[in-house]
Structures are given as C-alpha cells and as structure tokens.
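A quick write-up on the structure given underneath.
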Amino acid sequence: MKAIRKLALFIIGIFILMLWSGIVRNVTLGQRTLGPLTQPIKSFSELPSNMKAAYNHFLVAPEYYLKTREADKEDINKLTYDLYGSYTYRNGNEFKIELKNFRTNDIIKTWSLPVEYLSQHHKVGQNDRLFPAKLMKDRGLIVACDEQPGLIRLDSASNVVWHNKDFIVHHGMSFDHKGNIWTPAVKHEDGIIVPNTLSVDGTKIDYRDDMVLNVDANTGKTLYSKSLTSIFKENDLTELLNKGSLVTDPFHLNDVQPVVADSSRHFNKGDVFLSFRHLSAILQFRPSTGKVIKVIEGPFTYQHDVDIVTDSTIALFNNNTVGLDIKYNKFEFKPSNDVIQRKIVHSNVLIYNFETDSFEALYEKEFIKNEIYTEAEGLYELLPNGDLFVEEQGPGVLWVLNKNGVVLKTTLKSDIEGYHYLPNWTSIYTDINF
C-alpha cells in the first residue's frame with residue numbers, strides 16, 4: 001500500500017511540475033498572462049538566474065575579463081613599424097574605447113560611453129559588449145552595441161552625435177566607398193528580436209532572420225536594409241537553409257564586407273561579401289540589383305571576417321570549428337577499437353582565388369606552431385607589408401605573424417591581477433591622422 005501511495009505522490013508531483021513549467025514558460029515568453037499573478041510568477045522563476053548573476057558579479061570576474069594563461073603572460077614585441085588598434089572594453093560603469101600604438105604601447109586617445117546613457121535606451125546586462133570601434137576623420141568614432149538596438153557615433157570629446165536604434169546590430173562593421181557603414185542586423189520591437197517562421201511538415205519554428213544594413217555615417221540614417229530570407233528566396237537559394245547548423249539561427253551573418261576598389265572581372269564596386277557562420281559559406285551579393293553573384297564554400301567551417309585582397313582574391317578567417325552540439329538517435333553498436341581523432345588545434349586565414357577557384361592558407365605553420373585557435377569570433381588584418389594581424393578571440397590574444405614567425409603577441413592588460421580584457425573586434429590601422 002505504501003508503494004502505491006509513493007507512486008501516486010510521484011505522479012502527482014510530476015504533473016504539478018509539468019503544470020508549473022508550462023505556466024512559467026507561457027509567462028516568460030509572454031504567450032499568456034495570469035492577471036495579477038503574472039509578475040510574481042515571472043519574478044519567482046527568475047530567482048535562480050538572478051542569484052547566479054549576483055554570485056558572478058561579486059565573487060567571479062565578469063565575462064569581459066579573461067584569465068591570463070601562463071603561456072600568455074609574457075608579451076612578444078618585435079614591431080619595427082607603427083601599428084595602431086582601436087578597441088573597447090568594459091570598465092565598471094562605462095565602456096572605454098582606446099586607440100593604441102602596439103609598437104610603443106602608448107595610448108593615443110581614449111573615449112568613453114557611460115552605461116547610464118545606454119540604459120536610457122536598452123537594458124544593459126553585466127556582460128554586454130560594445131564593438132567594433134571604427135575611427136572617423138574628425139577624431140570621433142562609430143561603435144555598435146552588440147546584440148542591442150544601436151549604432152552610435154561619438155565626437156572627439158565622447159559626445160553622442162547620433163544614435164540609430166532602427167535595428168539590433170551585431171558582429172562586424174565596414175565602410176564602403178562612400179564612407180557609409182555596412183553591418184549585420186536584425187529586426188526588433190522594444191529590443192526583442194522579431195523572428196521569421198519556418199514550417200516543416202506542419203511544424204512551425206521561429207528563426208532569427210538576419211539583415212544586411214547600410215547606414216549613413218554622417219547622419220545615422222538607415223539607407224538600405226534587406227532580410228536574408230528575402231535575398232535567398234529571390235535568388236532561388238532556399239535549399240542552402242537546410243544546411244544551417246542551427247535551425248533557430250540558420251544564417252548567423254557575421255560580416256558584410258563592401259567592395260570599395262574599382263570593379264574587376266570578378267566583382268563590382270558596391271558589391272558586398274556576406275559571411276555566414278552557420279552555413280560555412282560566403283555569398284557575393286549585389287544590392288543594386290538584388291542578385292547573388294557567387295556562393296563560395298570550401299575547406300572552412302564557421303568562418304568570420306571576409307576581406308577583399310586584390311581584384312581576384314578575397315581572404316577569410318577560418319575558425320576551423322567542429323560542430324559538437326549535435327542531437328542524434330542512439331543505436332546499438334558493438335565495441336569499437338578504432339578511434340578517429342577530430343581535435344582541431346588551430347584556426348587559419350585562407351585566401352580564395354577567383355581565377356583558379358582554389359584556397360591557400362597564409363602563414364599556416366605559425367598558426368599550427370602557436371596553436372592559434374578560437375572556436376567563435378576571431379578576425380585578421382593583412383597589413384601592407386605582408387604581415388598578418390590576428391585577434392584570437394577565445395583566449396583573448398593579439399598576434400602579428402609573418403613567414404619568419406611571431407612579430408607581436410600581446411593581451412589587453414586589465415585592472416584585475418591575473419586577468420586581461422576580452423578583445424572586442426580590434427580595428428587595425430597602419431596610418432592615422434591624429
């Protein structure tokens with residue numbers, strides 16, 4: 001009899017837990033309300049995450065600090081030329097933007113953006129990031145509130161010149177031949193992403209539909225925006241969506257790189273190259289006609305930061321990431337003694353040649369020797385002298401490489417002993433008018 005009673009209580013408990021889970025889910029997602037009980041239920045359900053956030057805030061360094069590995073504590077600096085970088089980091093109640101000469105370690109200029117200002121426009125989380133930071137000719141700059149509604153232009157005194165909140169912006173930012181900005185974006189309402197919906201055999205799934213965005217750098221006015229779903233549908237490329245590694249984020253657009261040089265046999269001035277992490281593909285898109293000119297796939301996965309190198313070559317940062325979070329059905333197997341190693345120990349920079357439809361790795365030996373690898377993000381800049389700047393995002397290490405080895409290895413030193421700042425998409429310059 002006791003066993004039956006325990007079983008009955010167990011079933012009732014499971015039912016109550018399922019009921020509570022359904023109520024919390026509906027309240028949290030805003031699908032249903034329960035009158036005056038809505039807010040108390042929502043607050044109670046958020047208690048565990050709030051307690052964790054409080055613990056992290058007071059007892060653990062925030063995520064914008066990275067613990068410095070033993071191998072990264074000593075810098076290497078063999079630079080014989082000036083190399084400037086603009087970058088951002090969180091410093092208490094403000095975001096700092098610095099322009100630094102990596103050769104001399106001198107800070108050329110500093111800007112700041114208070115969290116208090118941003119809080120007037122959106123909720124600022126403990127680990128929110130501001131990036132990238134692009135210099136303007138008037139000693140001002142443009143920054144993006146990553147995954148928040150906001151492109152912001154600051155003047156030389158850190159005053160806000162304009163603040164475009166039309167879209168949630170994210171990842172890379174580049175200037176075109178007119179001096180205007182191209183960046184990935186997504187639609188939002190009050191800071192919440194507005195999704196598109198995919199239907200497969202009657203099952204509907206909301207997904208993030210990224211956009212290509214062009215903004216006037218002088219006024220902050222939106223000049224052009226187009227959703228990726230529209231681009232793919234209009235160019236009969238919807239089958240590519242089936243290759244997406246995450247159904248709720250099939251594109252994961254991380255770079256919009258405009259062609260600023262004169263037109264060539266392979267691309268026109270005004271074309272943009274689109275980098276899709278979750279498709280492991282790059283598209284050449286022509287906004288003036290709405291046409292996709294070329295789809296580029298190859299020996300790269302989860303890549304970032306596509307750039308134009310010459311009139312017949314482009315380059316990209318190949319994260320070389322292996323997809324690990326994969327759901328699969330369990331089968332019965334006999335024991336196996338054969339193990340295939342899939343460990344990836346390095347990322348790389350690949351140059352794609354339109355003439356030969358081939359790829360070549362740049363300074364591959366140095367990536368392998370130094371185990372330069374980041375699972376996500378990461379960027380590079382090919383310098384005029386042939387040296388290669390690399391931001392190894394994961395461990396937060398900045399490099400300059402060439403055929404002779406490491407020219408620069410450094411981190412962004414922080415105000416906490418044993419930690420350095422997370423690099424936030426450093427913008428590199430070899431010449432500045434400061």
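Residue names in the structure tokens use chain letters A, B, ... in the order shown, residue numbers from 1 in each chain, and ligand numbers from 1 in the order shown.
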TODO: Might you pull out every residue within 9 Å of range 100-106 of chain A, with only C-alpha atoms counted and same-chain residues fewer than 3 positions away left off, and present them as a ChimeraX atom specification?
DONE: /A:77-87,109-110,408,410
For the selection just defined, write its residues with C-alpha atoms to a file, as a CSV table (one decimal), in the first residue's frame.
```
chain,number,residue,atom,x,y,z
A,77,ASN,CA,57.0,42.7,-29.4
A,78,LYS,CA,59.3,42.8,-32.5
A,79,LEU,CA,57.4,45.5,-34.3
A,80,THR,CA,59.6,47.9,-36.3
A,81,TYR,CA,56.7,49.9,-37.6
A,82,ASP,CA,53.7,51.7,-36.0
A,83,LEU,CA,50.6,49.6,-35.7
A,84,TYR,CA,47.5,51.2,-34.3
A,85,GLY,CA,44.4,49.5,-33.0
A,86,SER,CA,41.1,50.8,-31.7
A,87,TYR,CA,39.3,48.5,-29.3
A,109,LYS,CA,43.4,58.7,-27.4
A,110,THR,CA,40.6,57.5,-25.1
A,408,LEU,CA,53.7,40.6,-31.9
A,410,THR,CA,50.1,40.6,-26.5
```
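Among A:Arg286, A:His266, A:Lys221, A:Arg277, the residue with the shortest atom-to-atom distance to Asn353 in chain A, counting only C-alpha atoms, is A:His266.
Take the candidates A:Thr374, A:Ser263, A:Thr238, A:Gln126 and check each one against Gln303 in chain A using only C-alpha atoms; the shortest distance goes to A:Thr374.
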- [ ] Please run DSSP on the backbone and report, as a PyMOL selection string, all residues within range 50-162 of chain A that come out as strand (DSSP E or B).
- [x] chain A and resi 65-67+76-77+84-91+94-101+106-114+130-135+141-145+148-154+160-162
Write the residues of the selection above to a file with C-alpha atoms, as a PDB file, in the first residue's frame.
```pdb
ATOM      1  CA  TYR A  65      37.694  39.629 -18.163  1.00  0.00           C
ATOM      2  CA  LEU A  66      39.725  36.615 -19.308  1.00  0.00           C
ATOM      3  CA  LYS A  67      42.052  34.712 -17.014  1.00  0.00           C
ATOM      4  CA  ILE A  76      56.497  39.416 -27.620  1.00  0.00           C
ATOM      5  CA  ASN A  77      57.044  42.709 -29.449  1.00  0.00           C
ATOM      6  CA  TYR A  84      47.511  51.178 -34.304  1.00  0.00           C
ATOM      7  CA  GLY A  85      44.395  49.499 -32.957  1.00  0.00           C
ATOM      8  CA  SER A  86      41.060  50.810 -31.689  1.00  0.00           C
ATOM      9  CA  TYR A  87      39.266  48.543 -29.253  1.00  0.00           C
ATOM     10  CA  THR A  88      36.686  48.642 -26.468  1.00  0.00           C
ATOM     11  CA  TYR A  89      36.362  47.166 -23.016  1.00  0.00           C
ATOM     12  CA  ARG A  90      34.000  47.426 -20.065  1.00  0.00           C
ATOM     13  CA  ASN A  91      35.384  49.362 -17.105  1.00  0.00           C
ATOM     14  CA  GLU A  94      31.347  52.822 -18.535  1.00  0.00           C
ATOM     15  CA  PHE A  95      32.725  51.432 -21.751  1.00  0.00           C
ATOM     16  CA  LYS A  96      36.213  52.603 -22.642  1.00  0.00           C
ATOM     17  CA  ILE A  97      37.386  52.928 -26.226  1.00  0.00           C
ATOM     18  CA  GLU A  98      41.118  53.266 -26.743  1.00  0.00           C
ATOM     19  CA  LEU A  99      43.400  53.947 -29.685  1.00  0.00           C
ATOM     20  CA  LYS A 100      46.772  52.319 -29.054  1.00  0.00           C
ATOM     21  CA  ASN A 101      50.104  52.097 -30.817  1.00  0.00           C
ATOM     22  CA  ASP A 106      51.246  54.195 -25.985  1.00  0.00           C
ATOM     23  CA  ILE A 107      47.540  55.055 -25.686  1.00  0.00           C
ATOM     24  CA  ILE A 108      46.983  57.751 -28.320  1.00  0.00           C
ATOM     25  CA  LYS A 109      43.423  58.658 -27.361  1.00  0.00           C
ATOM     26  CA  THR A 110      40.561  57.484 -25.145  1.00  0.00           C
ATOM     27  CA  TRP A 111      36.795  57.803 -25.480  1.00  0.00           C
ATOM     28  CA  SER A 112      34.100  56.702 -23.038  1.00  0.00           C
ATOM     29  CA  LEU A 113      30.418  55.791 -23.191  1.00  0.00           C
ATOM     30  CA  PRO A 114      28.602  55.574 -19.834  1.00  0.00           C
ATOM     31  CA  LEU A 130      30.414  47.350 -27.353  1.00  0.00           C
ATOM     32  CA  PHE A 131      32.136  46.580 -30.686  1.00  0.00           C
ATOM     33  CA  PRO A 132      33.705  47.211 -33.048  1.00  0.00           C
ATOM     34  CA  ALA A 133      35.101  50.774 -32.812  1.00  0.00           C
ATOM     35  CA  LYS A 134      35.801  52.470 -36.158  1.00  0.00           C
ATOM     36  CA  LEU A 135      37.722  55.754 -36.336  1.00  0.00           C
ATOM     37  CA  LEU A 141      34.324  57.094 -33.941  1.00  0.00           C
ATOM     38  CA  ILE A 142      31.383  54.785 -34.523  1.00  0.00           C
ATOM     39  CA  VAL A 143      30.630  51.882 -32.215  1.00  0.00           C
ATOM     40  CA  ALA A 144      27.947  49.201 -32.160  1.00  0.00           C
ATOM     41  CA  CYS A 145      26.008  47.929 -29.161  1.00  0.00           C
ATOM     42  CA  GLN A 148      21.299  45.640 -28.893  1.00  0.00           C
ATOM     43  CA  PRO A 149      19.442  48.379 -30.808  1.00  0.00           C
ATOM     44  CA  GLY A 150      22.222  50.764 -31.536  1.00  0.00           C
ATOM     45  CA  LEU A 151      24.854  52.180 -33.802  1.00  0.00           C
ATOM     46  CA  ILE A 152      26.374  55.211 -32.090  1.00  0.00           C
ATOM     47  CA  ARG A 153      28.642  57.955 -33.365  1.00  0.00           C
ATOM     48  CA  LEU A 154      30.782  59.808 -30.816  1.00  0.00           C
ATOM     49  CA  VAL A 160      26.894  61.320 -28.851  1.00  0.00           C
ATOM     50  CA  VAL A 161      26.432  62.745 -32.352  1.00  0.00           C
ATOM     51  CA  TRP A 162      23.708  60.303 -33.387  1.00  0.00           C
TER      52      TRP A 162
END
```
Given only C-alpha atoms, how would the per-residue table for range 264-305 of chain A near range 175-180 of chain A read, listing every residue at most 10 Å away with its closest atom pair and distance in Å to one decimal, sorted by chain and number, as JSON lines?
```
{"residue": "A:Lys269", "atom": "CA", "partner": "A:His177", "partner_atom": "CA", "distance": 7.8}
{"residue": "A:Gly270", "atom": "CA", "partner": "A:Asp176", "partner_atom": "CA", "distance": 7.4}
{"residue": "A:Asp271", "atom": "CA", "partner": "A:Asp176", "partner_atom": "CA", "distance": 9.5}
{"residue": "A:Val272", "atom": "CA", "partner": "A:Asp176", "partner_atom": "CA", "distance": 9.1}
```
Task: DSSP alpha helix (DSSP H) selection over range 124-339 of chain A, as a PyMOL selection string - done: chain A and resi 228-234
- [ ] Can you pull out every residue within 10 Å of Phe251 in chain A, counting only C-alpha atoms, but drop anything in the same chain fewer than 2 positions away, and send it as a PyMOL selection string?
- [x] chain A and resi 207-211+228-229+240-241+243-249+253-254+275-281
Open item on the list: Which residues are close to range 213-220 of chain A, i.e. within 7 Å by only C-alpha atoms, leaving aside same-chain residues fewer than 6 positions away? Reply as a PyMOL selection string.
Closed with: chain A and resi 162-164+179-185+226
